[in-house]
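One structure is given below, encoded as structure tokens.
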Number of protein chains: 2
Amino acid sequence: MKDAIQPRTLKTRAKLTGAAEALIADHGYDALRVDEVVKAAGVAKGTFFAHFKDKDALMDLLIGAKIDGLLDDLERQPVPGSTADLIAAMDPMMRFMTCERYVFDVILRHSGAAMSDQIGPIANTFGRHLTVVAEWLRDGPFRRDISALLMAEGVQAFLVQVMALHFCAIHSDVDMQDRLQVYLDAWLMPKG
Amino acid sequence: MKDAIQPRTLKTRAKLTGAAEALIADHGYDALRVDEVVKAAGVAKGTFFAHFKDKDALMDLLIGAKIDGLLDDLERQPVPGSTADLIAAMDPMMRFMTCERYVFDVILRHSGAAMSDQIGPIANTFGRHLTVVAEWLRDGPFRRDISALLMAEGVQAFLVQVMALHFCAIHSDVDMQDRLQVYLDAWLMPKG
DNA sequence: ATTAGTTATTGACCATGGTCATTTTTAAAT
DNA sequence: ATTTAAAAATGACCATGGTCAATAACTAAT
């Protein structure tokens, strides 16, 4: 009996993700087709689904990896001392998450633990983001009547709201940053 | 030149939506297939897409109509005097929106103006909901440092967050209402 | 009634994600 | 080396949403 993953499994996986990344670099996420991925990777279609539950699982992996990279950058930054700094720090992440409507949809779908069976890459990044932001807020000049974690959860809620409105016909004219500023000021530094 | 819609157009539309509603009543939203709808309606497949841009557009219509009905009920209720009352008032809506994972996904996708071209039924209900809640908050015992509309927008952001977490593997054990209570207390009645 | 132009309907066809019985490859045991 | 059982890969096939050129049904003008 063997249960250790064979070397070729890793190689095939790498070929698939590599091919997918190259195609995405050229034509974006939305335009990715499974047929093109397997053709570029030089494997059969069935092989793709032996490695990934479905197309969404690949997207979860790739987009999750991208966000993880951006979170690495985020963690390296100095602790923000104001909502404006906070927003500036999160800007690259927001920009990636809204680079394509399709990407944002995938993120939304996976943000709260993919398909409710097990936690996926994107869901993980949301957890990580929560931790980082909570840590930041703990010692900042913000409200003290609620926990840092609760504050961070609210930041995420408003982040999602702002990005969603970004794709909205009516509100897309208002800048994401400006809108988030209003929300976060009211959430993190209430004057009432 | 004529531009008035023919009577049969309305009739076909009614047949399609009627068939869809019946099928959904029996098997839920997620299980709905276009083929079954057209078969039940007694029309060809192409006819479906002559009436609806895609399957999502039908879902937008049907789910939007359902939410509209719930908003009618909501408007008839007495003005909530606390966050608990507010949450209780919104309960039926939340329950419907989370009745199926698929339904929630459709709602999310359409909440901010469908596909960025024109405002759809679901997006409309979000606008309506915003108005109703803002009106409620205007005279309630809540914070006064921000506008009622801004408060209402926050309520929506937290509402979405709570519903998303409901489908999350990690957090689904915590009750939606309880979680929303924490959020809304912190948002509408900050003590800092 | 006939004609003409517009609108609605049709169904064969396509695009694309996903499945599964079969075959091939691998690695451990003999 | 041979055998053998598990793991991986294959590709024909299916499910389902969506398209479009051709056709039928309507309505208004003559």
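Every chain in the structure tokens has a letter given in the order shown (A, B, ...), and although residue numbers restart at 1 in each chain, ligands are simply numbered from 1 in the order shown.
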- Item | Picked from stretch 102-175 of chain A by DSSP as helix (DSSP H, G or I), as a ChimeraX atom specification | /A:102-111,114-116,121-138,148-166
- Could you please tell me, as a ChimeraX atom specification, which residues of chain C have an atom within 10 Å of chain A when using only C-alpha atoms (C1' of nucleotides)? /C:16-20,25-28
- Selection near B:Leu62, 9 Å with only C-alpha atoms (C1' of nucleotides), sequence-local residues under 5 positions removed, as a PyMOL selection string: chain B and resi 17+20-21+57+67+121
For the residues in the current selection, export N, CA, C and O atoms as a PDB file, in the first residue's frame.
ATOM      1  N   THR B  17     -42.501  32.407 -16.744  1.00  0.00           N
ATOM      2  CA  THR B  17     -42.295  32.688 -15.313  1.00  0.00           C
ATOM      3  C   THR B  17     -43.172  31.775 -14.459  1.00  0.00           C
ATOM      4  O   THR B  17     -42.732  31.307 -13.410  1.00  0.00           O
ATOM      5  N   ALA B  20     -41.586  28.391 -14.318  1.00  0.00           N
ATOM      6  CA  ALA B  20     -40.389  28.459 -13.484  1.00  0.00           C
ATOM      7  C   ALA B  20     -40.771  28.485 -12.010  1.00  0.00           C
ATOM      8  O   ALA B  20     -40.188  27.765 -11.188  1.00  0.00           O
ATOM      9  N   GLU B  21     -41.758  29.301 -11.687  1.00  0.00           N
ATOM     10  CA  GLU B  21     -42.183  29.400 -10.286  1.00  0.00           C
ATOM     11  C   GLU B  21     -42.684  28.058  -9.752  1.00  0.00           C
ATOM     12  O   GLU B  21     -42.379  27.666  -8.627  1.00  0.00           O
ATOM     13  N   ALA B  57     -31.032  36.249 -15.493  1.00  0.00           N
ATOM     14  CA  ALA B  57     -32.008  37.337 -15.580  1.00  0.00           C
ATOM     15  C   ALA B  57     -33.366  36.880 -15.059  1.00  0.00           C
ATOM     16  O   ALA B  57     -34.078  37.639 -14.395  1.00  0.00           O
ATOM     17  N   ILE B  67     -38.360  39.159  -2.861  1.00  0.00           N
ATOM     18  CA  ILE B  67     -37.835  40.121  -1.891  1.00  0.00           C
ATOM     19  C   ILE B  67     -38.737  41.340  -1.818  1.00  0.00           C
ATOM     20  O   ILE B  67     -38.979  41.884  -0.741  1.00  0.00           O
ATOM     21  N   PRO B 121     -33.977  43.936 -10.921  1.00  0.00           N
ATOM     22  CA  PRO B 121     -34.935  43.780  -9.822  1.00  0.00           C
ATOM     23  C   PRO B 121     -34.280  43.649  -8.450  1.00  0.00           C
ATOM     24  O   PRO B 121     -34.687  44.342  -7.511  1.00  0.00           O
TER      25      PRO B 121
END
- Item | Check: which chain D residues lie within 12 Å of chain B using only C-alpha atoms (C1' of nucleotides), as an MDAnalysis selection string | chainID D and resid 15:20 25:29
Would you mind exporting N, CA, C and O atoms (P, O5', C5', C4', C3', O3' and C1' of nucleotides) of the selected residues as a PDB file, in the first residue's frame?
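File selection.pdb, as written:
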ATOM      1  P    DA D  15     -26.685  13.270 -19.697  1.00  0.00           P
ATOM      2  O5'  DA D  15     -26.333  14.728 -19.168  1.00  0.00           O
ATOM      3  C5'  DA D  15     -25.509  14.860 -18.012  1.00  0.00           C
ATOM      4  C4'  DA D  15     -25.533  16.302 -17.564  1.00  0.00           C
ATOM      5  C3'  DA D  15     -26.883  16.998 -17.701  1.00  0.00           C
ATOM      6  O3'  DA D  15     -27.021  17.854 -16.583  1.00  0.00           O
ATOM      7  C1'  DA D  15     -25.280  18.087 -19.078  1.00  0.00           C
ATOM      8  P    DT D  16     -28.420  18.634 -16.321  1.00  0.00           P
ATOM      9  O5'  DT D  16     -28.119  20.062 -16.954  1.00  0.00           O
ATOM     10  C5'  DT D  16     -26.988  20.781 -16.498  1.00  0.00           C
ATOM     11  C4'  DT D  16     -26.771  21.981 -17.374  1.00  0.00           C
ATOM     12  C3'  DT D  16     -28.054  22.708 -17.818  1.00  0.00           C
ATOM     13  O3'  DT D  16     -27.893  24.063 -17.539  1.00  0.00           O
ATOM     14  C1'  DT D  16     -26.603  22.422 -19.618  1.00  0.00           C
ATOM     15  P    DG D  17     -29.133  25.069 -17.359  1.00  0.00           P
ATOM     16  O5'  DG D  17     -28.491  26.418 -17.903  1.00  0.00           O
ATOM     17  C5'  DG D  17     -27.211  26.760 -17.442  1.00  0.00           C
ATOM     18  C4'  DG D  17     -26.473  27.536 -18.511  1.00  0.00           C
ATOM     19  C3'  DG D  17     -27.268  28.676 -19.120  1.00  0.00           C
ATOM     20  O3'  DG D  17     -26.386  29.770 -19.283  1.00  0.00           O
ATOM     21  C1'  DG D  17     -26.559  27.212 -20.840  1.00  0.00           C
ATOM     22  P    DG D  18     -26.972  31.225 -19.668  1.00  0.00           P
ATOM     23  O5'  DG D  18     -26.803  31.231 -21.245  1.00  0.00           O
ATOM     24  C5'  DG D  18     -25.475  31.247 -21.767  1.00  0.00           C
ATOM     25  C4'  DG D  18     -25.525  31.107 -23.260  1.00  0.00           C
ATOM     26  C3'  DG D  18     -26.425  32.112 -23.984  1.00  0.00           C
ATOM     27  O3'  DG D  18     -25.609  32.845 -24.888  1.00  0.00           O
ATOM     28  C1'  DG D  18     -26.695  29.925 -24.833  1.00  0.00           C
ATOM     29  P    DT D  19     -26.212  33.982 -25.831  1.00  0.00           P
ATOM     30  O5'  DT D  19     -26.106  33.327 -27.287  1.00  0.00           O
ATOM     31  C5'  DT D  19     -24.888  32.765 -27.699  1.00  0.00           C
ATOM     32  C4'  DT D  19     -24.981  32.328 -29.137  1.00  0.00           C
ATOM     33  C3'  DT D  19     -25.600  33.362 -30.089  1.00  0.00           C
ATOM     34  O3'  DT D  19     -24.825  33.380 -31.268  1.00  0.00           O
ATOM     35  C1'  DT D  19     -26.783  31.321 -30.263  1.00  0.00           C
ATOM     36  P    DC D  20     -24.889  34.679 -32.213  1.00  0.00           P
ATOM     37  O5'  DC D  20     -25.603  34.118 -33.519  1.00  0.00           O
ATOM     38  C5'  DC D  20     -25.404  32.768 -33.907  1.00  0.00           C
ATOM     39  C4'  DC D  20     -26.409  32.389 -34.982  1.00  0.00           C
ATOM     40  C3'  DC D  20     -27.063  33.574 -35.696  1.00  0.00           C
ATOM     41  O3'  DC D  20     -27.274  33.234 -37.051  1.00  0.00           O
ATOM     42  C1'  DC D  20     -28.728  32.247 -34.715  1.00  0.00           C
ATOM     43  P    DA D  25     -47.991  29.972 -37.757  1.00  0.00           P
ATOM     44  O5'  DA D  25     -48.108  31.394 -37.076  1.00  0.00           O
ATOM     45  C5'  DA D  25     -47.484  31.599 -35.805  1.00  0.00           C
ATOM     46  C4'  DA D  25     -47.644  33.047 -35.439  1.00  0.00           C
ATOM     47  C3'  DA D  25     -49.047  33.577 -35.661  1.00  0.00           C
ATOM     48  O3'  DA D  25     -49.528  34.030 -34.402  1.00  0.00           O
ATOM     49  C1'  DA D  25     -47.401  35.028 -36.645  1.00  0.00           C
ATOM     50  P    DC D  26     -50.794  34.890 -34.226  1.00  0.00           P
ATOM     51  O5'  DC D  26     -49.971  36.248 -34.200  1.00  0.00           O
ATOM     52  C5'  DC D  26     -50.441  37.360 -33.600  1.00  0.00           C
ATOM     53  C4'  DC D  26     -49.698  38.520 -34.189  1.00  0.00           C
ATOM     54  C3'  DC D  26     -50.638  39.681 -34.527  1.00  0.00           C
ATOM     55  O3'  DC D  26     -50.611  40.575 -33.431  1.00  0.00           O
ATOM     56  C1'  DC D  26     -48.852  39.399 -36.141  1.00  0.00           C
ATOM     57  P    DT D  27     -51.879  41.578 -33.263  1.00  0.00           P
ATOM     58  O5'  DT D  27     -51.464  42.803 -34.192  1.00  0.00           O
ATOM     59  C5'  DT D  27     -50.158  43.339 -34.092  1.00  0.00           C
ATOM     60  C4'  DT D  27     -49.978  44.421 -35.132  1.00  0.00           C
ATOM     61  C3'  DT D  27     -51.232  45.259 -35.397  1.00  0.00           C
ATOM     62  O3'  DT D  27     -50.862  46.618 -35.330  1.00  0.00           O
ATOM     63  C1'  DT D  27     -50.358  44.412 -37.453  1.00  0.00           C
ATOM     64  P    DA D  28     -52.015  47.778 -35.294  1.00  0.00           P
ATOM     65  O5'  DA D  28     -51.605  48.583 -36.604  1.00  0.00           O
ATOM     66  C5'  DA D  28     -50.217  48.789 -36.875  1.00  0.00           C
ATOM     67  C4'  DA D  28     -50.037  49.182 -38.324  1.00  0.00           C
ATOM     68  C3'  DA D  28     -51.078  50.170 -38.860  1.00  0.00           C
ATOM     69  O3'  DA D  28     -50.406  51.141 -39.639  1.00  0.00           O
ATOM     70  C1'  DA D  28     -51.008  48.258 -40.241  1.00  0.00           C
ATOM     71  P    DA D  29     -51.164  52.472 -40.132  1.00  0.00           P
ATOM     72  O5'  DA D  29     -51.005  52.360 -41.708  1.00  0.00           O
ATOM     73  C5'  DA D  29     -49.703  52.091 -42.253  1.00  0.00           C
ATOM     74  C4'  DA D  29     -49.835  51.673 -43.699  1.00  0.00           C
ATOM     75  C3'  DA D  29     -50.761  52.573 -44.531  1.00  0.00           C
ATOM     76  O3'  DA D  29     -50.161  52.827 -45.785  1.00  0.00           O
ATOM     77  C1'  DA D  29     -51.466  50.321 -44.679  1.00  0.00           C
TER      78       DA D  29
END
- May I ask you to extract the residues of chain A within 10 Å of chain B, using only C-alpha atoms, and to give them as a ChimeraX atom specification? /A:101,104-105,108-119,123,142-146,150-151,153-154,156-172,182-183,186-192
Got time to write the residues from that selection, N, CA and C atoms, as a short mmCIF file (atom, residue, chain, number, x, y, z; two decimals), in the first residue's frame?
data_model
loop_
_atom_site.label_atom_id
_atom_site.label_comp_id
_atom_site.auth_asym_id
_atom_site.auth_seq_id
_atom_site.Cartn_x
_atom_site.Cartn_y
_atom_site.Cartn_z
N ARG A 101 -14.50 41.87 -12.81
CA ARG A 101 -15.77 41.53 -12.19
C ARG A 101 -15.78 40.04 -11.81
N PHE A 104 -13.78 39.29 -8.68
CA PHE A 104 -14.52 39.67 -7.48
C PHE A 104 -15.61 38.66 -7.15
N ASP A 105 -16.29 38.19 -8.16
CA ASP A 105 -17.33 37.18 -7.94
C ASP A 105 -16.74 35.90 -7.35
N LEU A 108 -15.90 36.57 -3.72
CA LEU A 108 -17.11 36.59 -2.90
C LEU A 108 -17.60 35.19 -2.61
N ARG A 109 -17.62 34.38 -3.66
CA ARG A 109 -18.13 33.03 -3.53
C ARG A 109 -17.29 32.19 -2.57
N HIS A 110 -16.00 32.49 -2.51
CA HIS A 110 -15.11 31.69 -1.69
C HIS A 110 -14.70 32.37 -0.38
N SER A 111 -15.12 33.60 -0.20
CA SER A 111 -14.62 34.34 0.97
C SER A 111 -15.03 33.66 2.27
N GLY A 112 -16.23 33.13 2.31
CA GLY A 112 -16.67 32.44 3.51
C GLY A 112 -16.58 30.95 3.33
N ALA A 113 -15.36 30.41 3.39
CA ALA A 113 -15.14 28.97 3.29
C ALA A 113 -15.88 28.34 2.12
N ALA A 114 -15.13 28.01 1.13
CA ALA A 114 -15.66 27.48 -0.12
C ALA A 114 -16.64 26.34 0.09
N MET A 115 -17.81 26.53 -0.47
CA MET A 115 -18.80 25.46 -0.57
C MET A 115 -19.10 24.77 0.76
N SER A 116 -18.73 25.41 1.81
CA SER A 116 -19.10 24.95 3.15
C SER A 116 -18.54 23.58 3.54
N ASP A 117 -17.67 23.00 2.74
CA ASP A 117 -17.09 21.72 3.20
C ASP A 117 -15.74 21.91 3.88
N GLN A 118 -14.84 22.59 3.18
CA GLN A 118 -13.55 22.81 3.84
C GLN A 118 -13.01 24.17 3.46
N ILE A 119 -12.16 24.69 4.31
CA ILE A 119 -11.68 26.05 4.10
C ILE A 119 -10.67 26.09 2.96
N ALA A 123 -10.61 31.83 1.35
CA ALA A 123 -11.16 31.96 2.70
C ALA A 123 -10.03 32.15 3.71
N PHE A 142 -8.19 54.42 17.69
CA PHE A 142 -9.57 54.12 17.32
C PHE A 142 -10.43 53.87 18.54
N ARG A 143 -11.68 53.64 18.32
CA ARG A 143 -12.63 53.41 19.40
C ARG A 143 -12.17 52.26 20.31
N ARG A 144 -12.59 52.30 21.54
CA ARG A 144 -12.13 51.29 22.50
C ARG A 144 -13.30 50.50 23.11
N ASP A 145 -14.51 50.80 22.66
CA ASP A 145 -15.66 50.13 23.27
C ASP A 145 -15.92 48.74 22.71
N ILE A 146 -15.26 48.40 21.60
CA ILE A 146 -15.42 47.06 21.04
C ILE A 146 -14.05 46.44 20.78
N LEU A 150 -13.57 42.59 16.35
CA LEU A 150 -14.87 43.06 15.85
C LEU A 150 -14.69 44.24 14.90
N MET A 151 -13.79 45.13 15.28
CA MET A 151 -13.49 46.27 14.39
C MET A 151 -13.00 45.76 13.04
N GLU A 153 -13.55 42.87 11.64
CA GLU A 153 -14.64 42.25 10.89
C GLU A 153 -15.48 43.30 10.17
N GLY A 154 -15.69 44.40 10.86
CA GLY A 154 -16.42 45.50 10.24
C GLY A 154 -15.67 46.08 9.06
N GLN A 156 -13.75 44.52 7.10
CA GLN A 156 -13.96 43.60 5.99
C GLN A 156 -15.34 43.76 5.37
N ALA A 157 -16.33 43.91 6.20
CA ALA A 157 -17.70 44.08 5.69
C ALA A 157 -17.78 45.32 4.80
N PHE A 158 -17.18 46.41 5.25
CA PHE A 158 -17.22 47.64 4.45
C PHE A 158 -16.36 47.54 3.21
N LEU A 159 -15.26 46.83 3.33
CA LEU A 159 -14.39 46.59 2.19
C LEU A 159 -15.17 45.91 1.07
N VAL A 160 -15.86 44.85 1.44
CA VAL A 160 -16.65 44.10 0.46
C VAL A 160 -17.73 45.00 -0.13
N GLN A 161 -18.40 45.75 0.74
CA GLN A 161 -19.48 46.63 0.28
C GLN A 161 -18.96 47.64 -0.74
N VAL A 162 -17.82 48.24 -0.42
CA VAL A 162 -17.24 49.24 -1.30
C VAL A 162 -16.85 48.64 -2.65
N MET A 163 -16.29 47.46 -2.62
CA MET A 163 -15.89 46.82 -3.87
C MET A 163 -17.11 46.43 -4.68
N ALA A 164 -18.15 45.97 -3.99
CA ALA A 164 -19.38 45.62 -4.70
C ALA A 164 -19.98 46.85 -5.38
N LEU A 165 -19.98 47.96 -4.66
CA LEU A 165 -20.55 49.18 -5.23
C LEU A 165 -19.71 49.69 -6.39
N HIS A 166 -18.44 49.33 -6.37
CA HIS A 166 -17.55 49.73 -7.46
C HIS A 166 -18.03 49.20 -8.80
N PHE A 167 -18.66 48.02 -8.76
CA PHE A 167 -19.16 47.41 -10.00
C PHE A 167 -20.60 47.81 -10.30
N CYS A 168 -21.14 48.63 -9.43
CA CYS A 168 -22.53 49.03 -9.57
C CYS A 168 -22.65 50.21 -10.52
N ALA A 169 -23.64 50.12 -11.39
CA ALA A 169 -23.83 51.16 -12.41
C ALA A 169 -24.01 52.53 -11.80
N ILE A 170 -24.80 52.61 -10.74
CA ILE A 170 -25.14 53.91 -10.17
C ILE A 170 -23.95 54.55 -9.45
N HIS A 171 -23.25 53.74 -8.67
CA HIS A 171 -22.27 54.32 -7.76
C HIS A 171 -20.82 54.26 -8.25
N SER A 172 -20.60 53.70 -9.40
CA SER A 172 -19.22 53.46 -9.80
C SER A 172 -18.43 54.76 -10.01
N VAL A 182 -15.19 57.26 4.27
CA VAL A 182 -16.40 57.65 5.00
C VAL A 182 -16.87 56.54 5.92
N TYR A 183 -16.93 55.32 5.37
CA TYR A 183 -17.37 54.17 6.16
C TYR A 183 -16.46 53.94 7.36
N ALA A 186 -16.59 56.43 10.20
CA ALA A 186 -17.81 56.25 11.00
C ALA A 186 -17.74 54.98 11.85
N TRP A 187 -17.06 53.97 11.34
CA TRP A 187 -17.00 52.69 12.03
C TRP A 187 -15.92 52.67 13.11
N LEU A 188 -14.76 53.23 12.79
CA LEU A 188 -13.62 53.11 13.71
C LEU A 188 -13.47 54.30 14.65
N MET A 189 -14.02 55.43 14.24
CA MET A 189 -13.89 56.62 15.09
C MET A 189 -15.22 57.35 15.23
N PRO A 190 -16.22 56.67 15.79
CA PRO A 190 -17.54 57.29 15.93
C PRO A 190 -17.48 58.48 16.90
N LYS A 191 -18.23 59.51 16.56
CA LYS A 191 -18.20 60.71 17.41
C LYS A 191 -19.51 60.86 18.18
N GLY A 192 -20.33 59.83 18.11
CA GLY A 192 -21.62 59.94 18.80
C GLY A 192 -21.63 59.04 20.01
#
